[in-house]
$ cat upload_5.cif   # mmCIF, C-alpha atoms and all ligand atoms
data_model
#
loop_
_atom_site.label_atom_id
_atom_site.label_comp_id
_atom_site.auth_asym_id
_atom_site.auth_seq_id
_atom_site.Cartn_x
_atom_site.Cartn_y
_atom_site.Cartn_z
CA MET A 12 119.46 114.60 79.10
CA SER A 13 116.73 112.00 79.16
CA LEU A 14 113.75 111.09 81.28
CA TRP A 15 114.44 109.16 84.50
CA VAL A 16 111.98 106.28 84.89
CA LYS A 17 111.51 104.35 88.13
CA ILE A 18 109.34 101.26 88.45
CA CYS A 19 108.52 101.00 92.14
CA GLY A 20 107.08 98.39 94.45
CA ASN A 21 108.96 95.37 93.13
CA THR A 22 108.67 92.28 95.30
CA THR A 23 110.46 89.66 93.18
CA LEU A 24 113.61 89.37 91.07
CA ALA A 25 111.45 88.53 88.04
CA ASP A 26 109.53 91.81 88.35
CA ALA A 27 112.64 93.91 88.94
CA GLN A 28 114.37 92.25 85.97
CA LEU A 29 111.28 92.87 83.85
CA ALA A 30 111.54 96.59 84.62
CA VAL A 31 115.24 96.58 83.77
CA ASP A 32 114.66 94.75 80.49
CA ALA A 33 111.91 97.21 79.58
CA GLY A 34 114.37 100.11 80.02
CA ALA A 35 113.79 101.43 83.54
CA ASP A 36 116.56 103.61 85.00
CA ALA A 37 115.63 102.65 88.54
CA VAL A 38 113.71 99.99 90.43
CA GLY A 39 112.14 100.67 93.80
CA PHE A 40 111.58 98.50 96.86
CA VAL A 41 109.07 99.53 99.55
CA PHE A 42 110.29 98.93 103.13
CA ALA A 43 107.05 100.18 104.69
CA PRO A 44 103.58 98.81 105.33
CA SER A 45 102.10 98.25 101.87
CA PRO A 46 100.77 95.50 99.62
CA ARG A 47 104.28 95.84 98.11
CA GLN A 48 106.27 95.70 101.32
CA VAL A 49 109.54 93.79 101.17
CA THR A 50 112.09 92.81 103.77
CA LYS A 51 115.82 93.40 103.90
CA ASP A 52 116.44 89.70 103.26
CA GLN A 53 114.21 89.66 100.19
CA VAL A 54 115.93 92.67 98.61
CA ALA A 55 119.39 91.43 99.60
CA ALA A 56 118.61 88.39 97.46
CA ILE A 57 117.24 90.41 94.51
CA ALA A 58 119.46 93.48 94.15
CA PRO A 59 122.85 91.79 93.50
CA ASN A 60 121.30 90.01 90.51
CA LEU A 61 120.42 93.28 88.79
CA PRO A 62 122.83 95.21 86.55
CA ALA A 63 125.08 97.70 88.30
CA SER A 64 123.87 100.39 85.90
CA VAL A 65 120.33 100.23 87.29
CA GLU A 66 119.52 102.31 90.36
CA LYS A 67 118.10 100.42 93.31
CA ILE A 68 116.00 102.74 95.44
CA GLY A 69 114.68 101.88 98.90
CA VAL A 70 111.43 103.56 99.93
CA PHE A 71 111.20 104.40 103.66
CA VAL A 72 108.35 105.89 105.68
CA ASP A 73 109.28 107.57 108.99
CA PRO A 74 112.50 105.59 109.13
CA ASP A 75 115.36 105.78 111.58
CA PHE A 76 118.95 106.21 110.46
CA THR A 77 120.17 102.86 111.76
CA THR A 78 117.50 100.90 109.91
CA ILE A 79 118.13 102.68 106.63
CA PHE A 80 121.90 102.40 107.00
CA SER A 81 121.68 98.66 107.58
CA ILE A 82 119.31 98.10 104.63
CA VAL A 83 121.34 100.24 102.21
CA GLU A 84 124.52 98.35 103.15
CA SER A 85 123.04 94.84 103.14
CA CYS A 86 121.06 95.24 99.93
CA GLY A 87 123.52 97.38 97.97
CA LEU A 88 120.94 100.10 97.42
CA THR A 89 122.07 103.10 95.36
CA GLY A 90 119.36 105.45 96.58
CA VAL A 91 116.68 106.16 99.15
CA GLN A 92 113.27 107.75 98.90
CA LEU A 93 112.38 109.38 102.20
CA HIS A 94 108.84 109.86 103.44
CA SER A 95 109.93 111.67 106.58
CA ASP A 96 109.75 114.97 108.36
CA ALA A 97 111.74 117.42 106.27
CA THR A 98 113.10 119.04 109.42
CA SER A 99 114.81 115.83 110.55
CA ASP A 100 118.55 115.49 110.03
CA LEU A 101 118.13 112.09 108.40
CA ALA A 102 119.04 113.17 104.86
CA SER A 103 122.14 115.00 106.00
CA ARG A 104 123.27 112.06 108.15
CA LEU A 105 122.83 109.72 105.18
CA ARG A 106 124.73 112.15 102.95
CA GLN A 107 127.56 112.34 105.46
CA ARG A 108 127.74 108.56 105.74
CA PHE A 109 127.39 107.59 102.08
CA GLY A 110 128.72 110.67 100.30
CA SER A 111 127.57 111.70 96.87
CA SER A 112 127.14 108.12 95.64
CA LEU A 113 123.72 107.75 97.31
CA ARG A 114 120.73 109.30 95.52
CA ILE A 115 118.50 110.87 98.17
CA LEU A 116 114.95 111.71 97.13
CA ARG A 117 112.44 113.53 99.31
CA VAL A 118 108.70 112.98 98.91
CA ILE A 119 106.24 115.87 98.87
CA HIS A 120 102.53 115.21 98.58
CA PHE A 121 100.46 117.38 96.28
CA GLY A 122 98.24 119.58 98.45
CA SER A 123 98.01 122.82 100.34
CA GLU A 124 101.46 122.58 101.94
CA ALA A 125 103.35 121.36 98.90
CA GLU A 126 104.49 124.73 97.59
CA ALA A 127 106.07 125.75 100.91
CA GLN A 128 107.66 122.32 101.30
CA LEU A 129 109.12 122.54 97.81
CA SER A 130 110.58 125.99 98.51
CA ALA A 131 112.30 124.54 101.56
CA ALA A 132 113.55 121.57 99.55
CA ALA A 133 115.09 123.95 97.00
CA ASN A 134 117.48 125.14 99.72
CA ASP A 135 118.32 121.64 100.92
CA ARG A 136 121.63 120.71 99.32
CA THR A 137 121.57 117.20 100.80
CA ILE A 138 118.86 115.93 98.47
CA ASN A 139 119.11 115.06 94.80
CA GLY A 140 115.47 115.40 93.86
CA VAL A 141 111.84 115.53 94.95
CA LEU A 142 109.09 113.09 94.14
CA ILE A 143 105.67 114.74 93.98
CA ASP A 144 103.12 112.08 94.92
CA SER A 145 99.50 111.67 95.99
CA ARG A 146 98.31 110.60 99.40
CA THR A 147 95.06 109.50 101.00
CA ALA A 148 93.92 109.38 104.63
CA GLY A 149 95.36 105.88 104.86
CA ALA A 150 98.31 105.78 102.43
CA VAL A 151 101.35 107.97 101.77
CA GLY A 152 102.24 106.21 98.54
CA GLY A 153 101.13 103.58 96.09
CA THR A 154 97.67 105.16 96.00
CA GLY A 155 96.98 104.84 92.27
CA ILE A 156 95.45 108.32 92.44
CA SER A 157 96.60 111.18 90.24
CA TYR A 158 96.51 114.85 91.23
CA ASP A 159 95.51 117.91 89.23
CA TRP A 160 98.41 118.16 86.80
CA GLN A 161 97.50 121.64 85.57
CA ALA A 162 97.51 122.95 89.14
CA ALA A 163 100.73 121.10 89.86
CA LYS A 164 102.34 122.61 86.77
CA ALA A 165 101.35 126.11 87.86
CA THR A 166 102.59 125.78 91.43
CA LEU A 167 105.25 123.05 91.64
CA PHE A 168 106.56 121.94 88.25
CA THR A 169 107.32 125.54 87.28
CA PRO A 170 110.07 126.54 84.84
CA ALA A 171 111.75 128.44 87.70
CA ASN A 172 112.17 125.26 89.72
CA ALA A 173 115.60 123.81 89.06
CA LEU A 174 115.15 120.76 91.30
CA LYS A 175 114.91 117.34 89.74
CA LEU A 176 111.16 116.78 90.07
CA ILE A 177 109.68 113.33 89.66
CA ALA A 178 105.99 112.94 88.85
CA ALA A 179 104.23 110.08 90.65
CA GLY A 180 100.73 109.15 91.77
CA GLY A 181 98.19 107.39 89.62
CA LEU A 182 100.40 107.15 86.56
CA LYS A 183 99.73 104.28 84.16
CA PRO A 184 100.47 103.39 80.54
CA GLU A 185 97.36 105.23 79.35
CA ASN A 186 98.08 108.58 81.01
CA VAL A 187 101.86 108.86 81.42
CA ALA A 188 102.31 110.66 78.07
CA GLN A 189 99.77 113.31 79.07
CA ALA A 190 101.41 113.75 82.47
CA ILE A 191 104.79 114.30 80.82
CA ALA A 192 103.37 116.75 78.30
CA VAL A 193 101.77 118.85 81.07
CA LEU A 194 104.29 118.60 83.90
CA GLU A 195 107.57 118.39 81.93
CA PRO A 196 109.12 116.44 84.83
CA TRP A 197 112.72 115.30 85.21
CA GLY A 198 111.43 111.81 85.96
CA VAL A 199 108.36 109.63 86.37
CA ASP A 200 107.57 106.91 88.89
CA VAL A 201 104.86 104.24 89.06
CA ALA A 202 103.87 101.37 91.33
CA SER A 203 100.24 100.23 91.17
CA GLY A 204 99.60 101.43 87.61
CA VAL A 205 101.74 98.64 86.14
CA GLU A 206 100.53 95.79 88.34
CA ALA A 207 98.63 92.61 87.52
CA THR A 208 97.70 92.15 91.18
CA PRO A 209 98.86 94.10 94.27
CA GLY A 210 102.58 93.43 94.59
CA ARG A 211 103.08 91.77 91.20
CA LYS A 212 103.86 93.51 87.93
CA ASP A 213 102.10 93.04 84.59
CA PRO A 214 104.76 92.70 81.86
CA THR A 215 102.57 94.29 79.17
CA LYS A 216 101.82 97.30 81.38
CA VAL A 217 105.46 97.77 82.44
CA ARG A 218 106.66 97.73 78.82
CA ALA A 219 103.86 100.02 77.63
CA PHE A 220 104.46 102.48 80.49
CA ILE A 221 108.14 102.86 79.70
CA ALA A 222 107.66 102.98 75.92
CA ASN A 223 104.90 105.61 76.22
CA ALA A 224 106.96 107.67 78.67
CA ARG A 225 110.03 107.61 76.44
CA SER A 226 108.14 108.61 73.34
CA ALA A 227 106.29 111.41 75.17
CA TYR A 228 109.64 112.73 76.41
CA ALA A 229 111.09 112.63 72.87
CA GLU A 230 108.14 114.79 71.74
CA LEU A 231 108.75 117.15 74.64
CA LYS A 232 112.40 117.53 73.71
CA SER A 233 111.48 118.49 70.18
CA ARG A 234 109.03 121.05 71.63
CA TRP A 235 111.89 122.48 73.72
CA GLY A 236 114.25 122.60 70.74
CA GLY A 237 117.72 123.52 71.98
CA ALA A 238 116.47 125.06 75.22
CA GLN A 239 116.10 122.23 77.72
CA PRO A 240 115.43 123.12 81.36
CA GLU A 241 118.46 123.44 83.60
CA ARG A 242 118.31 121.01 86.54
CA ARG A 243 120.36 121.37 89.63
CA ALA A 244 123.35 119.03 89.85
CA PRO A 245 123.91 116.28 90.73
O1 LIG B 1 103.87 101.69 96.71
C1 LIG B 1 103.50 101.66 97.88
O2 LIG B 1 102.68 100.82 98.29
C2 LIG B 1 104.02 102.65 98.86
C3 LIG B 1 103.60 102.58 100.17
C4 LIG B 1 104.07 103.48 101.10
C5 LIG B 1 104.97 104.47 100.74
C6 LIG B 1 105.40 104.55 99.41
C7 LIG B 1 104.93 103.66 98.47
N1 LIG B 1 105.31 103.75 97.16
C8 LIG B 1 106.31 104.67 96.74
C9 LIG B 1 106.37 104.99 95.29
O3 LIG B 1 107.37 105.54 94.88
C10 LIG B 1 105.20 104.77 94.37
O4 LIG B 1 105.68 104.44 93.12
C11 LIG B 1 104.40 106.06 94.29
O5 LIG B 1 103.81 106.27 95.54
C12 LIG B 1 103.32 106.01 93.21
O6 LIG B 1 102.42 104.97 93.44
P1 LIG B 1 101.21 104.68 92.41
O7 LIG B 1 100.23 105.80 92.54
O8 LIG B 1 100.67 103.39 92.83
O9 LIG B 1 101.84 104.61 91.04
#

$ encode --input "upload_5.cif" --output "structure tokens" --more "lines below"
Ligand SMILES: O=C(O)c1ccccc1NCC(=O)[C@H](O)[C@H](O)COP(=O)(O)O
Amino acid sequence: MSLWVKICGNTTLADAQLAVDAGADAVGFVFAPSPRQVTKDQVAAIAPNLPASVEKIGVFVDPDFTTIFSIVESCGLTGVQLHSDATSDLASRLRQRFGSSLRILRVIHFGSEAEAQLSAAANDRTINGVLIDSRTAGAVGGTGISYDWQAAKATLFTPANALKLIAAGGLKPENVAQAIAVLEPWGVDVASGVEATPGRKDPTKVRAFIANARSAYAELKSRWGGAQPERRAP
């Protein structure tokens, strides 16, 4: 088992390839209003040039099924990250249509409702994992703001939680090791923390982020010894 690393908010092939070369497991594309917003045509031109082994995740905010279906098909996405009402049947419709090959991630924002939302997610067999992110009054992602990791560890990233939990929100090369040491997540995700300017990645930051994350996870594994946390399949 190793740490899953996603570099999100790619807008060019060069940036996505940079993430791949630096060792990312997944690259993300934001199909929502954002300084990093991309179109279906842009991603359809980028994704086929990336290795098949790298996950290509589309990020959708309040999406409808038809839009997501069309984008996943046209761009060859391997996963979706849904910022949507958890009570909608969107995830189950996507699961029915694409089967187990599509990684479906739900987003939960750190805050007063997060614990209840995570309990509900634990019973949702259509999703493969949950990304715990920050939000502001104006943005549901890409905020560059980190939450209280100690509080998140106590309430969300608990040893009892078998979901694949991904830490996001305000991560950067300088703090990702600390986040991993505290939260012991299944994965980490970053957008603005590895940028040179909004929408464009900084090669030095991308490489440092992934290298620091990998070495922090290696330390964590030695702390665990033989007893690594069980995560729910798949
Ligand atoms: O990145 C965005 O601009 C964005 C906008 C709207 C919804 C989601 C968005 N990003 C999704 C991600 O997975 C980001 O990596 C995550 O929110 C963390 O962002 P950051 O705090 O900038 O690292």

$ closest_residue --input "upload_5.cif" --among "A:Asp75, A:Asp52, A:Glu230, A:Glu206" --to "ligand LIG 1 (chain B)" --atoms "only C-alpha atoms and all ligand atoms"
A:Glu206

$ residues_near_ligand --input "upload_5.cif" --ligand "ligand LIG 1 (chain B)" --cutoff "9 Å" --atoms "all atoms listed in the file" --output "PyMOL selection string"
chain A and resi 17-21+39-48+70-72+92-94+118+142-146+150-157+178-183+199-206+209-210

$ closest_residue --input "upload_5.cif" --among "A:Thr77, A:Thr208, A:Asn172, A:Asn223" --to "Pro184 in chain A" --atoms "only C-alpha atoms"
A:Asn223

$ residues_around --input "upload_5.cif" --residues "range 89-91 of chain A" --least-positions-apart "4" --cutoff "9 Å" --atoms "all atoms listed in the file" --output "PyMOL selection string"
chain A and resi 39+65-71+79+83+112-117

$ write_last_selection --input "upload_5.cif" --atoms "C-alpha atoms" --output "compact mmCIF listing (two decimals), keeping the file's coordinate frame"
# COMPACT_ATOMS: atom_id res chain seq x y z
CA GLY A 39 112.14 100.67 93.80
CA VAL A 65 120.33 100.23 87.29
CA GLU A 66 119.52 102.31 90.36
CA LYS A 67 118.10 100.42 93.31
CA ILE A 68 116.00 102.74 95.44
CA GLY A 69 114.68 101.88 98.90
CA VAL A 70 111.43 103.56 99.93
CA PHE A 71 111.20 104.40 103.66
CA ILE A 79 118.13 102.68 106.63
CA VAL A 83 121.34 100.24 102.21
CA SER A 112 127.14 108.12 95.64
CA LEU A 113 123.72 107.75 97.31
CA ARG A 114 120.73 109.30 95.52
CA ILE A 115 118.50 110.87 98.17
CA LEU A 116 114.95 111.71 97.13
CA ARG A 117 112.44 113.53 99.31

$ atom_distance --input "upload_5.cif" --atom1 "CA of Gly87 in chain A" --atom2 "CA of Asn134 in chain A"
28.5 Å

$ atom_distance --input "upload_5.cif" --atom1 "CA of Ala227 in chain A" --atom2 "CA of Glu124 in chain A"
29.4 Å

$ residues_around --input "upload_5.cif" --residues "Ala33 in chain A" --least-positions-apart "4" --cutoff "9 Å" --atoms "all atoms listed in the file" --output "number ranges by chain"
A: 28-29, 214, 217-219, 221-222

$ atom_distance --input "upload_5.cif" --atom1 "CA of Leu176 in chain A" --atom2 "CA of Ala27 in chain A"
22.9 Å

$ closest_residue --input "upload_5.cif" --among "A:Leu61, A:Ala55, A:Leu24, A:Ala102" --to "Ser85 in chain A" --atoms "all atoms listed in the file"
A:Ala55

$ axis_aligned_box --input "upload_5.cif" --around "range 73-80 of chain A" --padding-each-side "4 Å" --output "JSON"
{"center_x": 115.6, "center_y": 104.2, "center_z": 109.2, "size_x": 20.6, "size_y": 14.7, "size_z": 13.1}

$ residues_around --input "upload_5.cif" --residues "Ala35 in chain A" --least-positions-apart "3" --cutoff "6 Å" --atoms "all atoms listed in the file" --output "PDB file with C-alpha atoms, keeping the file's coordinate frame"
ATOM      1  CA  VAL A  16     111.980 106.280  84.890  1.00  0.00           C
ATOM      2  CA  LYS A  17     111.510 104.350  88.130  1.00  0.00           C
ATOM      3  CA  ALA A  30     111.540  96.590  84.620  1.00  0.00           C
ATOM      4  CA  VAL A  31     115.240  96.580  83.770  1.00  0.00           C
TER       5      VAL A  31
END

$ closest_residue --input "upload_5.cif" --among "A:Leu194, A:Ala25, A:Ala63, A:Leu105" --to "Trp160 in chain A" --atoms "all atoms listed in the file"
A:Leu194

$ closest_residue --input "upload_5.cif" --among "A:Thr78, A:Arg225, A:Thr166, A:Arg108" --to "Gly198 in chain A" --atoms "only C-alpha atoms"
A:Arg225

$ closest_residue --input "upload_5.cif" --among "A:Tyr158, A:Ile177, A:Thr215, A:Met12" --to "Ala238 in chain A" --atoms "all atoms listed in the file"
A:Met12

$ decode --input "upload_5.cif" --residues "range 120-131 of chain A" --atoms "N, CA and C atoms" --output "JSON list (two decimals), in the first residue's frame"
[["chain", "number", "residue", "atom", "x", "y", "z"],
["A", 120, "HIS", "N", -16.53, 19.00, 3.05],
["A", 120, "HIS", "CA", -15.76, 20.14, 3.54],
["A", 120, "HIS", "C", -15.62, 20.07, 5.05],
["A", 121, "PHE", "N", -14.43, 20.31, 5.54],
["A", 121, "PHE", "CA", -14.20, 20.33, 6.98],
["A", 121, "PHE", "C", -15.12, 21.40, 7.60],
["A", 122, "GLY", "N", -15.81, 21.03, 8.67],
["A", 122, "GLY", "CA", -16.73, 21.98, 9.30],
["A", 122, "GLY", "C", -17.74, 21.23, 10.14],
["A", 123, "SER", "N", -18.76, 21.96, 10.58],
["A", 123, "SER", "CA", -19.67, 21.40, 11.58],
["A", 123, "SER", "C", -20.47, 20.20, 11.06],
["A", 124, "GLU", "N", -20.69, 20.12, 9.75],
["A", 124, "GLU", "CA", -21.51, 19.01, 9.24],
["A", 124, "GLU", "C", -20.68, 17.83, 8.74],
["A", 125, "ALA", "N", -19.37, 17.97, 8.79],
["A", 125, "ALA", "CA", -18.52, 16.98, 8.13],
["A", 125, "ALA", "C", -18.64, 15.59, 8.74],
["A", 126, "GLU", "N", -18.72, 15.54, 10.06],
["A", 126, "GLU", "CA", -18.76, 14.21, 10.71],
["A", 126, "GLU", "C", -20.00, 13.43, 10.27],
["A", 127, "ALA", "N", -21.15, 14.11, 10.27],
["A", 127, "ALA", "CA", -22.40, 13.43, 9.87],
["A", 127, "ALA", "C", -22.33, 13.04, 8.39],
["A", 128, "GLN", "N", -21.76, 13.92, 7.58],
["A", 128, "GLN", "CA", -21.66, 13.60, 6.14],
["A", 128, "GLN", "C", -20.74, 12.40, 5.91],
["A", 129, "LEU", "N", -19.69, 12.34, 6.72],
["A", 129, "LEU", "CA", -18.75, 11.21, 6.55],
["A", 129, "LEU", "C", -19.38, 9.90, 7.01],
["A", 130, "SER", "N", -20.19, 9.96, 8.06],
["A", 130, "SER", "CA", -20.90, 8.73, 8.50],
["A", 130, "SER", "C", -21.81, 8.24, 7.39],
["A", 131, "ALA", "N", -22.49, 9.18, 6.72],
["A", 131, "ALA", "CA", -23.37, 8.77, 5.62],
["A", 131, "ALA", "C", -22.55, 8.19, 4.48]]
